[in-house]
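Here the structure comes first, spelled out in structure tokens, and everything after it is commentary.
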Amino acid sequence: MSAPSRPTVAVLFGGRSSEHEVSCATAGGVFGAIDRDRWNVVAVGITREGRWVPASADAAQWRIRDGALPHVPHDDRTVLPPRDASERTWRVLDPDGTASALAEVDVVLPLLHGPFGEDGTIQGALELLDVRYVGSGVLASAVGMDKAYMKIALRAAGLPVTPDVVLAPGESPDERRVEIEALGMPVFVKPARAGSSMGISKVSEWSQLDAAVAAAVKHDPKVLIEQAVVGREIETAVLDGPQGPVASPAGEIVTGAGRDFYDFEAKYLDESAVDLRCPTELVDDVAAQVADMALRSFAAVGAESLARVDVFVSDDGTVTVNEINTMPGFTETSMYPRMWAAAGVSYPELIETLLTGALERTTGLR
């Protein structure tokens, strides 16, 4: 009797956002950990220009080496998803117009960070074709990506978030100066729809505000200016399993001397700049509150599969939600898998849980 065929997973990574390289590094981690005896893996890279191309599923090609971040190179070939919801075959289109079958895909693992991938756009494309995939759906992905709407959803659910002012595209901070200065000093200025700490600045003097807004606008014309919170930076991983969403032990980010916050370099290029504690110590009632807020945040945006929820815990035990990330960093050293490792769930087991859950999920409205 022949062995049953393995389900095929198409791993999507790269993309058009400023987090292209981070996505590639995430893919490298997944390629190195996924069980090849259980899954047939097909790699589909998305170039910075948005072309879907056949890529290598060799983990070594997508590692960060000596501070150099990987990227999806240009390819004259194009990967084509199914033509309609009745088929599963993905194809490769050669430059001469010849099309050949790539694979019959059972489930997609979209490891895209930032706009044009994490924000509901890829999710919408897959939904149109009844393709099963890991992660939140269109609405939850969009709300989780846009920090302004994310805060609206969290506030509506009764969750405490930091006060903020949102600058619409093209709006000058001078037009909102009174509201902004009412936030107090310092403030953080962020692109409303970006991640990996891209374009974030800490403003300690109002004379720095215009430059901070200009830095954020490089990543997103919509800008969030929010009140700084003094406290410990605590993260929780949420995993949507067979029994419903569960929260991991909390992790903590402690930045080194001379670094104001957990910026891009500390996350990906300089491990010595930050101490990631998994699990971290919290008073019992505070730990319970952090886990509860993580699960409530997950529900508030309608998340599915996975998310990471970041909060601040002040000295008096007050907990404030910072944000929810519906496709968190997912390299083997990222906080999300590390927090689950602290709970006894290995990186390969985590990938297996996510893929199995997505494969069992219904298509269409749910």
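Ordered as shown in the structure tokens, chains take letters A, B, and onward, while each chain numbers its residues from 1 and ligands are numbered from 1 in the order shown.
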Could you please write out, as a PyMOL selection string, every residue of segment 79-287 of chain A that DSSP assigns to strand (DSSP E)?
chain A and resi 79-80+89-93+99-104+107-110+164-167+187-191+201-203+223-227+232-241+244-247+251-255+274-277
Any idea what's packed within 12 Å of Gly184 of chain A, counting only C-alpha atoms, ignoring anything in its chain fewer than 2 positions away? Could you give it as a JSON list (two decimals) with all heavy atoms, in the first residue's frame?
```
[["chain", "number", "residue", "atom", "x", "y", "z"],
["A", 162, "THR", "N", -2.97, 53.65, 24.99],
["A", 162, "THR", "CA", -2.34, 54.95, 25.19],
["A", 162, "THR", "C", -3.08, 56.05, 24.43],
["A", 162, "THR", "O", -3.54, 55.82, 23.30],
["A", 162, "THR", "CB", -0.88, 54.91, 24.72],
["A", 162, "THR", "OG1", -0.83, 54.39, 23.38],
["A", 162, "THR", "CG2", -0.04, 54.03, 25.61],
["A", 163, "PRO", "N", -3.19, 57.25, 25.01],
["A", 163, "PRO", "CA", -3.76, 58.39, 24.27],
["A", 163, "PRO", "C", -2.92, 58.70, 23.04],
["A", 163, "PRO", "O", -1.70, 58.55, 23.06],
["A", 163, "PRO", "CB", -3.71, 59.52, 25.30],
["A", 163, "PRO", "CG", -3.61, 58.86, 26.63],
["A", 163, "PRO", "CD", -2.83, 57.60, 26.39],
["A", 164, "ASP", "N", -3.58, 59.17, 21.98],
["A", 164, "ASP", "CA", -2.85, 59.41, 20.74],
["A", 164, "ASP", "C", -3.54, 60.46, 19.89],
["A", 164, "ASP", "O", -4.70, 60.81, 20.12],
["A", 164, "ASP", "CB", -2.74, 58.11, 19.93],
["A", 164, "ASP", "CG", -4.10, 57.59, 19.49],
["A", 164, "ASP", "OD1", -4.78, 56.92, 20.29],
["A", 164, "ASP", "OD2", -4.48, 57.88, 18.35],
["A", 165, "VAL", "N", -2.82, 60.94, 18.90],
["A", 165, "VAL", "CA", -3.34, 61.83, 17.87],
["A", 165, "VAL", "C", -2.93, 61.23, 16.53],
["A", 165, "VAL", "O", -1.78, 60.83, 16.34],
["A", 165, "VAL", "CB", -2.76, 63.25, 18.00],
["A", 165, "VAL", "CG1", -3.19, 64.12, 16.82],
["A", 165, "VAL", "CG2", -3.20, 63.89, 19.31],
["A", 177, "ARG", "N", -1.34, 70.92, 16.64],
["A", 177, "ARG", "CA", -0.30, 71.18, 17.64],
["A", 177, "ARG", "C", -0.85, 71.17, 19.06],
["A", 177, "ARG", "O", -0.25, 70.60, 19.98],
["A", 177, "ARG", "CB", 0.37, 72.52, 17.33],
["A", 177, "ARG", "CG", 1.55, 72.87, 18.23],
["A", 177, "ARG", "CD", 2.78, 72.03, 17.93],
["A", 177, "ARG", "NE", 3.26, 72.19, 16.57],
["A", 177, "ARG", "CZ", 4.41, 71.69, 16.14],
["A", 177, "ARG", "NH1", 5.18, 71.00, 16.95],
["A", 177, "ARG", "NH2", 4.77, 71.83, 14.88],
["A", 178, "VAL", "N", -2.02, 71.77, 19.29],
["A", 178, "VAL", "CA", -2.57, 71.83, 20.65],
["A", 178, "VAL", "C", -2.87, 70.44, 21.17],
["A", 178, "VAL", "O", -2.53, 70.08, 22.30],
["A", 178, "VAL", "CB", -3.84, 72.71, 20.67],
["A", 178, "VAL", "CG1", -4.51, 72.64, 22.04],
["A", 178, "VAL", "CG2", -3.49, 74.16, 20.34],
["A", 179, "GLU", "N", -3.51, 69.61, 20.33],
["A", 179, "GLU", "CA", -3.84, 68.24, 20.74],
["A", 179, "GLU", "C", -2.57, 67.41, 20.98],
["A", 179, "GLU", "O", -2.50, 66.62, 21.93],
["A", 179, "GLU", "CB", -4.67, 67.55, 19.67],
["A", 179, "GLU", "CG", -6.03, 68.17, 19.42],
["A", 179, "GLU", "CD", -6.63, 67.59, 18.16],
["A", 179, "GLU", "OE1", -7.11, 66.44, 18.22],
["A", 179, "GLU", "OE2", -6.60, 68.27, 17.12],
["A", 180, "ILE", "N", -1.59, 67.59, 20.12],
["A", 180, "ILE", "CA", -0.35, 66.83, 20.25],
["A", 180, "ILE", "C", 0.37, 67.19, 21.53],
["A", 180, "ILE", "O", 0.79, 66.31, 22.31],
["A", 180, "ILE", "CB", 0.56, 67.05, 19.02],
["A", 180, "ILE", "CG1", -0.10, 66.47, 17.77],
["A", 180, "ILE", "CG2", 1.93, 66.42, 19.24],
["A", 180, "ILE", "CD1", 0.59, 66.86, 16.47],
["A", 181, "GLU", "N", 0.51, 68.48, 21.80],
["A", 181, "GLU", "CA", 1.24, 68.90, 23.01],
["A", 181, "GLU", "C", 0.49, 68.54, 24.27],
["A", 181, "GLU", "O", 1.10, 68.38, 25.34],
["A", 181, "GLU", "CB", 1.56, 70.38, 22.93],
["A", 181, "GLU", "CG", 2.54, 70.72, 21.81],
["A", 181, "GLU", "CD", 3.03, 72.16, 21.85],
["A", 181, "GLU", "OE1", 2.59, 72.91, 22.75],
["A", 181, "GLU", "OE2", 3.85, 72.52, 20.98],
["A", 182, "ALA", "N", -0.83, 68.35, 24.16],
["A", 182, "ALA", "CA", -1.61, 67.92, 25.32],
["A", 182, "ALA", "C", -1.28, 66.48, 25.73],
["A", 182, "ALA", "O", -1.58, 66.07, 26.87],
["A", 182, "ALA", "CB", -3.10, 68.03, 25.02],
["A", 186, "PRO", "N", 7.57, 62.66, 26.99],
["A", 186, "PRO", "CA", 7.83, 62.48, 25.56],
["A", 186, "PRO", "C", 6.65, 61.82, 24.85],
["A", 186, "PRO", "O", 5.70, 61.37, 25.48],
["A", 186, "PRO", "CB", 9.05, 61.55, 25.57],
["A", 186, "PRO", "CG", 8.86, 60.71, 26.80],
["A", 186, "PRO", "CD", 8.23, 61.63, 27.82],
["A", 187, "VAL", "N", 6.75, 61.76, 23.51],
["A", 187, "VAL", "CA", 5.78, 61.04, 22.69],
["A", 187, "VAL", "C", 6.55, 60.14, 21.72],
["A", 187, "VAL", "O", 7.74, 60.35, 21.46],
["A", 187, "VAL", "CB", 4.86, 61.98, 21.88],
["A", 187, "VAL", "CG1", 3.99, 62.80, 22.80],
["A", 187, "VAL", "CG2", 5.68, 62.86, 20.93],
["A", 188, "PHE", "N", 5.85, 59.13, 21.22],
["A", 188, "PHE", "CA", 6.39, 58.30, 20.15],
["A", 188, "PHE", "C", 5.64, 58.63, 18.87],
["A", 188, "PHE", "O", 4.41, 58.76, 18.88],
["A", 188, "PHE", "CB", 6.26, 56.81, 20.47],
["A", 188, "PHE", "CG", 7.32, 56.31, 21.41],
["A", 188, "PHE", "CD1", 7.08, 56.22, 22.77],
["A", 188, "PHE", "CD2", 8.56, 55.94, 20.92],
["A", 188, "PHE", "CE1", 8.06, 55.77, 23.64],
["A", 188, "PHE", "CE2", 9.55, 55.48, 21.78],
["A", 188, "PHE", "CZ", 9.30, 55.40, 23.14],
["A", 203, "VAL", "N", 10.26, 61.31, 20.66],
["A", 203, "VAL", "CA", 10.40, 62.77, 20.67],
["A", 203, "VAL", "C", 10.44, 63.26, 22.11],
["A", 203, "VAL", "O", 9.47, 63.09, 22.86],
["A", 203, "VAL", "CB", 9.24, 63.43, 19.90],
["A", 203, "VAL", "CG1", 9.26, 64.94, 20.08],
["A", 203, "VAL", "CG2", 9.32, 63.07, 18.42],
["A", 204, "SER", "N", 11.57, 63.84, 22.48],
["A", 204, "SER", "CA", 11.74, 64.34, 23.85],
["A", 204, "SER", "C", 11.70, 65.86, 23.92],
["A", 204, "SER", "O", 11.68, 66.43, 25.02],
["A", 204, "SER", "CB", 13.06, 63.83, 24.44],
["A", 204, "SER", "OG", 13.09, 62.42, 24.45],
["A", 205, "GLU", "N", 11.71, 66.52, 22.77],
["A", 205, "GLU", "CA", 11.57, 67.97, 22.68],
["A", 205, "GLU", "C", 10.68, 68.26, 21.48],
["A", 205, "GLU", "O", 10.80, 67.60, 20.44],
["A", 205, "GLU", "CB", 12.93, 68.65, 22.49],
["A", 205, "GLU", "CG", 13.92, 68.41, 23.61],
["A", 205, "GLU", "CD", 15.27, 69.06, 23.33],
["A", 205, "GLU", "OE1", 15.37, 69.78, 22.30],
["A", 205, "GLU", "OE2", 16.21, 68.84, 24.10],
["A", 206, "TRP", "N", 9.79, 69.24, 21.61],
["A", 206, "TRP", "CA", 8.84, 69.51, 20.52],
["A", 206, "TRP", "C", 9.55, 69.95, 19.25],
["A", 206, "TRP", "O", 9.01, 69.78, 18.15],
["A", 206, "TRP", "CB", 7.81, 70.55, 20.96],
["A", 206, "TRP", "CG", 6.89, 70.04, 22.02],
["A", 206, "TRP", "CD1", 6.67, 70.56, 23.26],
["A", 206, "TRP", "CD2", 6.05, 68.88, 21.94],
["A", 206, "TRP", "NE1", 5.76, 69.80, 23.96],
["A", 206, "TRP", "CE2", 5.36, 68.76, 23.17],
["A", 206, "TRP", "CE3", 5.82, 67.91, 20.96],
["A", 206, "TRP", "CZ2", 4.46, 67.73, 23.44],
["A", 206, "TRP", "CZ3", 4.93, 66.88, 21.21],
["A", 206, "TRP", "CH2", 4.26, 66.80, 22.44],
["A", 225, "ILE", "N", 0.78, 59.62, 16.60],
["A", 225, "ILE", "CA", 1.59, 60.24, 17.65],
["A", 225, "ILE", "C", 0.96, 59.86, 18.98],
["A", 225, "ILE", "O", -0.21, 60.15, 19.22],
["A", 225, "ILE", "CB", 1.63, 61.77, 17.51],
["A", 225, "ILE", "CG1", 2.17, 62.16, 16.13],
["A", 225, "ILE", "CG2", 2.48, 62.40, 18.62],
["A", 225, "ILE", "CD1", 2.03, 63.64, 15.80],
["A", 226, "GLU", "N", 1.71, 59.15, 19.81],
["A", 226, "GLU", "CA", 1.09, 58.66, 21.04],
["A", 226, "GLU", "C", 1.93, 58.98, 22.27],
["A", 226, "GLU", "O", 3.16, 59.10, 22.22],
["A", 226, "GLU", "CB", 0.81, 57.17, 20.95],
["A", 226, "GLU", "CG", 2.00, 56.28, 20.77],
["A", 226, "GLU", "CD", 1.60, 54.82, 20.60],
["A", 226, "GLU", "OE1", 0.40, 54.52, 20.46],
["A", 226, "GLU", "OE2", 2.51, 53.96, 20.59],
["A", 227, "GLN", "N", 1.22, 59.10, 23.36],
["A", 227, "GLN", "CA", 1.82, 59.38, 24.66],
["A", 227, "GLN", "C", 2.73, 58.22, 25.07],
["A", 227, "GLN", "O", 2.37, 57.06, 24.94],
["A", 227, "GLN", "CB", 0.71, 59.57, 25.69],
["A", 227, "GLN", "CG", 1.13, 60.03, 27.05],
["A", 227, "GLN", "CD", -0.09, 60.16, 27.96],
["A", 227, "GLN", "OE1", -0.54, 59.19, 28.56],
["A", 227, "GLN", "NE2", -0.66, 61.36, 28.02],
["A", 228, "ALA", "N", 3.92, 58.55, 25.55],
["A", 228, "ALA", "CA", 4.83, 57.51, 26.02],
["A", 228, "ALA", "C", 4.34, 56.96, 27.36],
["A", 228, "ALA", "O", 3.75, 57.69, 28.17],
["A", 228, "ALA", "CB", 6.24, 58.07, 26.17],
["A", 229, "VAL", "N", 4.56, 55.69, 27.56],
["A", 229, "VAL", "CA", 4.20, 55.03, 28.81],
["A", 229, "VAL", "C", 5.47, 54.54, 29.48],
["A", 229, "VAL", "O", 6.29, 53.85, 28.86],
["A", 229, "VAL", "CB", 3.25, 53.84, 28.57],
["A", 229, "VAL", "CG1", 2.96, 53.11, 29.88],
["A", 229, "VAL", "CG2", 1.96, 54.31, 27.92]]
```
Show me, as a PyMOL selection string, the residues that have an atom within 6 Å of Phe312 of chain A when counting only C-alpha atoms, minus same-chain residues fewer than 2 positions from it.
chain A and resi 231-234+319-320
Using C-alpha atoms, can you write the selected residues to a file as a CSV table (one decimal), in the first residue's frame?
```csv
chain,number,residue,atom,x,y,z
A,231,GLY,CA,6.8,50.8,32.3
A,232,ARG,CA,8.0,47.3,31.4
A,233,GLU,CA,7.5,46.1,27.8
A,234,ILE,CA,5.6,42.8,28.1
A,319,VAL,CA,-1.5,47.4,32.4
A,320,THR,CA,-1.9,49.3,29.1
```
What are the nearest atom pairs, with distances in Å to one decimal, for all residues of segment 43-134 of chain A that come at most 7 Å from segment 29-37 of chain A, using only C-alpha atoms, set out by chain and rising residue number as a tab-separated table?
```
residue	atom	partner	partner_atom	distance
A:Ala57	CA	A:Phe31	CA	6.0
A:Asp58	CA	A:Phe31	CA	6.5
A:Ala59	CA	A:Phe31	CA	4.9
```
Between A:Ser172, A:Thr89, A:Gln243, A:Ser201, which one has atoms that come closest to Lys222 of chain A, using only C-alpha atoms?
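Selected residue with least distance to Lys222 of chain A: A:Ser172.
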Contacts between segment 295-309 of chain A and segment 65-183 of chain A, please, where a residue of segment 65-183 of chain A counts if it comes within 6 Å (with only C-alpha atoms); show its shortest atom pair and distance in Å to one decimal, rows by chain and ascending number, as a Markdown table.
```
| residue | atom | partner | partner_atom | distance |
| --- | --- | --- | --- | --- |
| A:Gly135 | CA | A:Ser305 | CA | 4.8 |
| A:Ser136 | CA | A:Glu304 | CA | 4.4 |
| A:Ala140 | CA | A:Val301 | CA | 5.2 |
```
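Interatomic distance, atom CA of Pro110 of chain A to atom CA of Pro242 of chain A: 20.8 Å.
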Using only C-alpha atoms, which protein or nucleic acid residues come within 6 Å of segment 72-86 of chain A? Drop anything in the same chain fewer than 4 positions from it, and give the result as an mmCIF file with N, CA and C atoms, in the first residue's frame.
```cif
data_model
loop_
_atom_site.group_PDB
_atom_site.id
_atom_site.type_symbol
_atom_site.label_atom_id
_atom_site.label_comp_id
_atom_site.auth_asym_id
_atom_site.auth_seq_id
_atom_site.Cartn_x
_atom_site.Cartn_y
_atom_site.Cartn_z
ATOM 1 N N GLY A 45 8.375 33.492 -3.523
ATOM 2 C CA GLY A 45 8.855 34.800 -3.081
ATOM 3 C C GLY A 45 8.119 35.913 -3.803
ATOM 4 N N THR A 47 8.816 39.755 -4.920
ATOM 5 C CA THR A 47 9.878 40.750 -5.023
ATOM 6 C C THR A 47 9.404 42.094 -4.482
ATOM 7 N N TRP A 52 5.346 37.771 -8.073
ATOM 8 C CA TRP A 52 5.396 36.476 -7.395
ATOM 9 C C TRP A 52 6.300 35.560 -8.208
ATOM 10 N N VAL A 53 7.339 35.007 -7.584
ATOM 11 C CA VAL A 53 8.324 34.223 -8.320
ATOM 12 C C VAL A 53 8.622 32.916 -7.589
ATOM 13 N N TRP A 90 -1.308 25.797 -8.811
ATOM 14 C CA TRP A 90 -0.536 27.024 -9.012
ATOM 15 C C TRP A 90 0.443 26.777 -10.154
ATOM 16 N N ARG A 91 0.699 27.797 -10.960
ATOM 17 C CA ARG A 91 1.505 27.627 -12.165
ATOM 18 C C ARG A 91 2.674 28.600 -12.186
ATOM 19 N N VAL A 92 3.618 28.285 -13.047
ATOM 20 C CA VAL A 92 4.749 29.177 -13.308
ATOM 21 C C VAL A 92 4.676 29.605 -14.764
ATOM 22 N N LEU A 93 4.682 30.915 -14.985
ATOM 23 C CA LEU A 93 4.642 31.469 -16.340
ATOM 24 C C LEU A 93 6.045 31.892 -16.738
ATOM 25 N N ASP A 94 6.570 31.279 -17.800
ATOM 26 C CA ASP A 94 7.899 31.627 -18.292
ATOM 27 C C ASP A 94 7.833 32.910 -19.127
ATOM 28 N N PRO A 95 8.987 33.555 -19.360
ATOM 29 C CA PRO A 95 8.990 34.801 -20.148
ATOM 30 C C PRO A 95 8.397 34.655 -21.542
ATOM 31 N N LEU A 129 -10.166 33.042 -3.912
ATOM 32 C CA LEU A 129 -9.924 31.768 -4.593
ATOM 33 C C LEU A 129 -10.208 30.565 -3.696
ATOM 34 N N ASP A 130 -10.800 30.800 -2.520
ATOM 35 C CA ASP A 130 -11.081 29.717 -1.570
ATOM 36 C C ASP A 130 -9.816 28.950 -1.188
#
```
In segment 31-241 of chain A, what's alpha helix (DSSP H) per DSSP? Answer as a VMD selection string?
chain A and resid 31 to 33 121 to 128 138 to 145 147 to 156 177 to 181 209 to 217
So that I can check the surroundings of Ala215 of chain A, please list as a list in words every protein, DNA and RNA residue that reaches within 10 Å of it, counting only C-alpha atoms and ignoring chain neighbours fewer than 5 positions away.
Val189, Lys190, Pro191, Met198, Gly199, Ile200, Ser201, Leu209, Asp210, Asp220 and Val223 of chain A
Tell me which protein, DNA and RNA residues are within 7 Å of Arg16 of chain A, counting only C-alpha atoms, leaving out same-chain ones fewer than 5 positions away, and put them as a tab-separated table (two decimals) with N, CA, C and O atoms, in the first residue's frame.
```tsv
chain	number	residue	atom	x	y	z
A	47	THR	N	8.82	39.76	-4.92
A	47	THR	CA	9.88	40.75	-5.02
A	47	THR	C	9.40	42.09	-4.48
A	47	THR	O	8.22	42.30	-4.23
A	48	ARG	N	10.34	43.01	-4.32
A	48	ARG	CA	9.99	44.35	-3.84
A	48	ARG	C	9.03	45.06	-4.80
A	48	ARG	O	8.32	45.97	-4.41
A	49	GLU	N	9.05	44.64	-6.06
A	49	GLU	CA	8.15	45.25	-7.05
A	49	GLU	C	6.79	44.57	-7.09
A	49	GLU	O	5.88	45.04	-7.78
A	50	GLY	N	6.64	43.46	-6.36
A	50	GLY	CA	5.36	42.79	-6.28
A	50	GLY	C	5.19	41.58	-7.18
A	50	GLY	O	4.11	41.02	-7.27
A	116	PHE	N	0.65	45.47	2.14
A	116	PHE	CA	0.67	44.61	0.95
A	116	PHE	C	0.96	43.15	1.31
A	116	PHE	O	1.59	42.43	0.54
```
Identify which of the residues A:Ala125, A:Leu112, A:Leu350, A:Ala10 lies closest to Arg338 of chain A, counting only C-alpha atoms when measuring atom-to-atom distances.
A:Leu350
I want to know what sits within 9 Å of segment 281-287 of chain A, based on only C-alpha atoms, with residues of the same chain fewer than 4 positions away left out; could you give that as a list in words?
Pro249, Ala250, Gly251, Glu252, Arg277, Ala291, Asp292, Val313, Gly317, Thr318 and Val319 of chain A
Distance criterion (only C-alpha atoms): nearest to Tyr149 of chain A out of A:Ala343, A:Val11, A:Val166, A:Leu276:
A:Val166
Nearest candidate to Met145 of chain A (options A:His113, A:Arg6, A:Arg51, A:Arg88; using only C-alpha atoms)
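Closest to Met145 of chain A of all the choices is A:His113.
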